[in-house]
Amino acid sequence: LKRLTELHIDTNLITELPDTIEKLEEIEEFSCHHNPITKPPTSVWSRGISNVRNFFKDMRESGIEKNVDLRVLVLGLSEAGKTSLINGLIQQDVRALTRVGDRTVGIEQRTWVMDRSETYPANLLIYDFAGQEEYYITHHLFLGSKALYILAFDLSKYNDSLLDQQIIFWWDSIQNRVCDANSNDSKTPKVLIVGTHADMVERDAQGLADQALETLDKRFKL
């Protein structure tokens, strides 16, 4: 293998490249697209084999340090329940709901240290984005691929005619500014869609959530 000059491993569900690739010094042509690779990160392997080799060389010579920080970006319309949702995650033993009329101004950042019994605790850096239209122009400055996205929408106000306004607008913001959200590339962020105000739904809340999911399935042809 040390004489290998070409390596093409596209579309193989590979999550990590081996550190021994550093020793394959003869490789000139290299591609590994359409794989959910997290090690090395996309910013490294997408620039070619020399960057991959340098990445593993630096790891070997300098060692590694675990990154336990994760950005969590919470998006949605004004009064969709984003702040209450965050309160419920961080302060589970106190009242999570905000007062009617209270609205986030700009972007509020909070930190949640989440204990994990078998490994290091994770630092979730949670960004609460204001949902008023006048703040939309600044949102794209904070969107990035290395993040978990939560799209919150008010389930009690949901109907299929409001799908674009409540969910698709925010989905498009992520897809257009960060990546191709239909790809399985490692640079594609994870997106959670959360229906809030379920207790205010007059009829079957779960049935309404299932209806929203079915509509999304048809829209994205999942």
# chains A, B, ... in the order shown; residues from 1 in each chain; ligands from 1
$ residues_around --residues "range 4-10 of chain A" --least-positions-apart "6" --cutoff "9 Å" --atoms "only C-alpha atoms" --output "list in words"
Leu24, Glu25, Glu26, Ile27, Glu28, Glu29, Phe30, Ser31, Cys32, His33, His34 and Asn35 of chain A
$ residues_around --residues "Pro18 in chain A" --least-positions-apart "3" --cutoff "12 Å" --atoms "only C-alpha atoms" --output "list of chain:residue names"
A:Ile14, A:Thr15, A:Ile21, A:Glu22, A:Lys23, A:Leu24, A:Ile37, A:Thr38, A:Lys39, A:Pro40, A:Val52, A:Arg53, A:Phe55, A:Phe56, A:Lys57
$ write_last_selection --atoms "all heavy atoms" --output "compact mmCIF listing (two decimals), in the first residue's frame"
# COMPACT_ATOMS: atom_id res chain seq x y z
N ILE A 14 -18.17 5.96 5.29
CA ILE A 14 -16.98 6.03 6.15
C ILE A 14 -17.12 7.23 7.09
O ILE A 14 -17.45 8.34 6.66
CB ILE A 14 -15.71 6.17 5.31
CG1 ILE A 14 -15.51 4.91 4.46
CG2 ILE A 14 -14.49 6.42 6.19
CD1 ILE A 14 -14.40 5.05 3.43
N THR A 15 -16.88 7.01 8.38
CA THR A 15 -16.99 8.09 9.36
C THR A 15 -15.65 8.64 9.80
O THR A 15 -15.57 9.78 10.26
CB THR A 15 -17.76 7.61 10.60
OG1 THR A 15 -17.08 6.48 11.17
CG2 THR A 15 -19.19 7.20 10.24
N ILE A 21 -2.98 6.75 7.22
CA ILE A 21 -2.95 7.35 5.89
C ILE A 21 -1.80 8.34 5.77
O ILE A 21 -1.36 8.67 4.66
CB ILE A 21 -4.30 8.04 5.60
CG1 ILE A 21 -4.53 8.19 4.09
CG2 ILE A 21 -4.39 9.40 6.28
CD1 ILE A 21 -5.93 8.65 3.72
N GLU A 22 -1.29 8.77 6.91
CA GLU A 22 -0.13 9.67 6.91
C GLU A 22 1.08 9.02 6.24
O GLU A 22 1.93 9.70 5.65
CB GLU A 22 0.22 10.05 8.35
CG GLU A 22 1.45 10.93 8.49
CD GLU A 22 1.95 11.02 9.91
OE1 GLU A 22 1.24 10.60 10.84
OE2 GLU A 22 3.09 11.51 10.09
N LYS A 23 1.17 7.69 6.31
CA LYS A 23 2.32 6.97 5.78
C LYS A 23 2.23 6.71 4.28
O LYS A 23 3.20 6.27 3.67
CB LYS A 23 2.48 5.64 6.52
CG LYS A 23 2.70 5.81 8.02
CD LYS A 23 2.79 4.47 8.72
CE LYS A 23 2.98 4.63 10.22
NZ LYS A 23 3.05 3.31 10.91
N LEU A 24 1.06 6.99 3.68
CA LEU A 24 0.88 6.74 2.24
C LEU A 24 1.34 7.99 1.48
O LEU A 24 0.54 8.80 1.01
CB LEU A 24 -0.58 6.41 1.94
CG LEU A 24 -1.16 5.23 2.71
CD1 LEU A 24 -2.61 4.98 2.31
CD2 LEU A 24 -0.31 3.97 2.48
N ILE A 37 -17.92 11.74 7.15
CA ILE A 37 -16.63 11.75 7.84
C ILE A 37 -16.57 12.88 8.87
O ILE A 37 -16.85 14.04 8.55
CB ILE A 37 -15.48 11.90 6.83
CG1 ILE A 37 -15.44 10.70 5.88
CG2 ILE A 37 -14.14 12.05 7.54
CD1 ILE A 37 -14.44 10.85 4.74
N THR A 38 -16.19 12.53 10.08
CA THR A 38 -16.02 13.53 11.14
C THR A 38 -14.56 13.67 11.56
O THR A 38 -14.20 14.63 12.24
CB THR A 38 -16.86 13.15 12.37
OG1 THR A 38 -16.47 11.83 12.82
CG2 THR A 38 -18.34 13.14 12.04
N LYS A 39 -13.72 12.72 11.18
CA LYS A 39 -12.29 12.79 11.51
C LYS A 39 -11.49 12.34 10.30
O LYS A 39 -11.62 11.19 9.88
CB LYS A 39 -11.98 11.88 12.70
CG LYS A 39 -10.50 11.86 13.10
CD LYS A 39 -10.26 10.89 14.24
CE LYS A 39 -8.79 10.80 14.61
NZ LYS A 39 -8.55 9.83 15.68
N PRO A 40 -10.69 13.26 9.73
CA PRO A 40 -10.58 14.68 10.07
C PRO A 40 -11.82 15.45 9.61
O PRO A 40 -12.62 14.92 8.84
CB PRO A 40 -9.33 15.13 9.29
CG PRO A 40 -9.31 14.22 8.10
CD PRO A 40 -9.80 12.89 8.61
N VAL A 52 -4.74 16.09 4.73
CA VAL A 52 -5.09 14.96 5.59
C VAL A 52 -3.84 14.43 6.29
O VAL A 52 -3.83 14.18 7.49
CB VAL A 52 -5.76 13.84 4.77
CG1 VAL A 52 -5.97 12.60 5.63
CG2 VAL A 52 -7.09 14.33 4.20
N ARG A 53 -2.76 14.25 5.51
CA ARG A 53 -1.52 13.75 6.10
C ARG A 53 -0.99 14.71 7.17
O ARG A 53 -0.53 14.28 8.23
CB ARG A 53 -0.47 13.52 5.01
CG ARG A 53 -0.70 12.25 4.20
CD ARG A 53 0.54 11.88 3.39
NE ARG A 53 0.76 12.81 2.30
CZ ARG A 53 0.51 12.55 1.02
NH1 ARG A 53 0.02 11.37 0.66
NH2 ARG A 53 0.76 13.44 0.08
N PHE A 55 -2.70 16.76 8.95
CA PHE A 55 -3.61 16.71 10.11
C PHE A 55 -3.19 15.61 11.07
O PHE A 55 -3.05 15.82 12.28
CB PHE A 55 -5.04 16.49 9.62
CG PHE A 55 -6.04 16.26 10.73
CD1 PHE A 55 -6.63 17.33 11.37
CD2 PHE A 55 -6.39 14.97 11.10
CE1 PHE A 55 -7.55 17.12 12.40
CE2 PHE A 55 -7.32 14.74 12.11
CZ PHE A 55 -7.91 15.83 12.76
N PHE A 56 -2.97 14.40 10.54
CA PHE A 56 -2.60 13.28 11.39
C PHE A 56 -1.17 13.42 11.92
O PHE A 56 -0.86 12.98 13.04
CB PHE A 56 -2.76 11.96 10.64
CG PHE A 56 -4.20 11.55 10.48
CD1 PHE A 56 -4.80 11.52 9.22
CD2 PHE A 56 -4.97 11.22 11.58
CE1 PHE A 56 -6.12 11.15 9.07
CE2 PHE A 56 -6.30 10.84 11.45
CZ PHE A 56 -6.88 10.81 10.19
N LYS A 57 -0.31 14.07 11.14
CA LYS A 57 1.05 14.32 11.62
C LYS A 57 1.03 15.27 12.82
O LYS A 57 1.71 15.04 13.82
CB LYS A 57 1.89 14.93 10.49
CG LYS A 57 3.32 15.24 10.91
CD LYS A 57 4.11 15.87 9.76
CE LYS A 57 5.51 16.23 10.19
NZ LYS A 57 6.29 16.86 9.10
$ atom_distance --atom1 "CA of Val74 in chain A" --atom2 "CA of Ile86 in chain A"
8.4 Å
$ closest_residue --among "A:Ala209, A:Lys82, A:Asn87, A:Arg110" --to "Asp160 in chain A" --atoms "only C-alpha atoms"
A:Ala209
$ closest_atom_pairs --of "range 38-124 of chain A" --to "range 147-159 of chain A" --cutoff "6 Å" --atoms "only C-alpha atoms" --output "Markdown table"
| residue | atom | partner | partner_atom | distance |
| --- | --- | --- | --- | --- |
| A:Arg71 | CA | A:Ala147 | CA | 4.8 |
| A:Val72 | CA | A:Leu148 | CA | 4.8 |
| A:Leu73 | CA | A:Tyr149 | CA | 4.9 |
| A:Val74 | CA | A:Ile150 | CA | 4.7 |
| A:Leu75 | CA | A:Leu151 | CA | 5.0 |
| A:Gly76 | CA | A:Ala152 | CA | 5.1 |
| A:Ala80 | CA | A:Asp154 | CA | 4.9 |
$ select_by_dssp --residues "chain A" --states "alpha helix (DSSP H)" --output "ChimeraX atom specification"
/A:42-45,49-62,82-90,136-139,163,169-177,205-220
$ residues_around --residues "Gln211 in chain A" --least-positions-apart "2" --cutoff "12 Å" --atoms "only C-alpha atoms" --output "PyMOL selection string"
chain A and resi 155+158-160+163+195+204-209+213-218
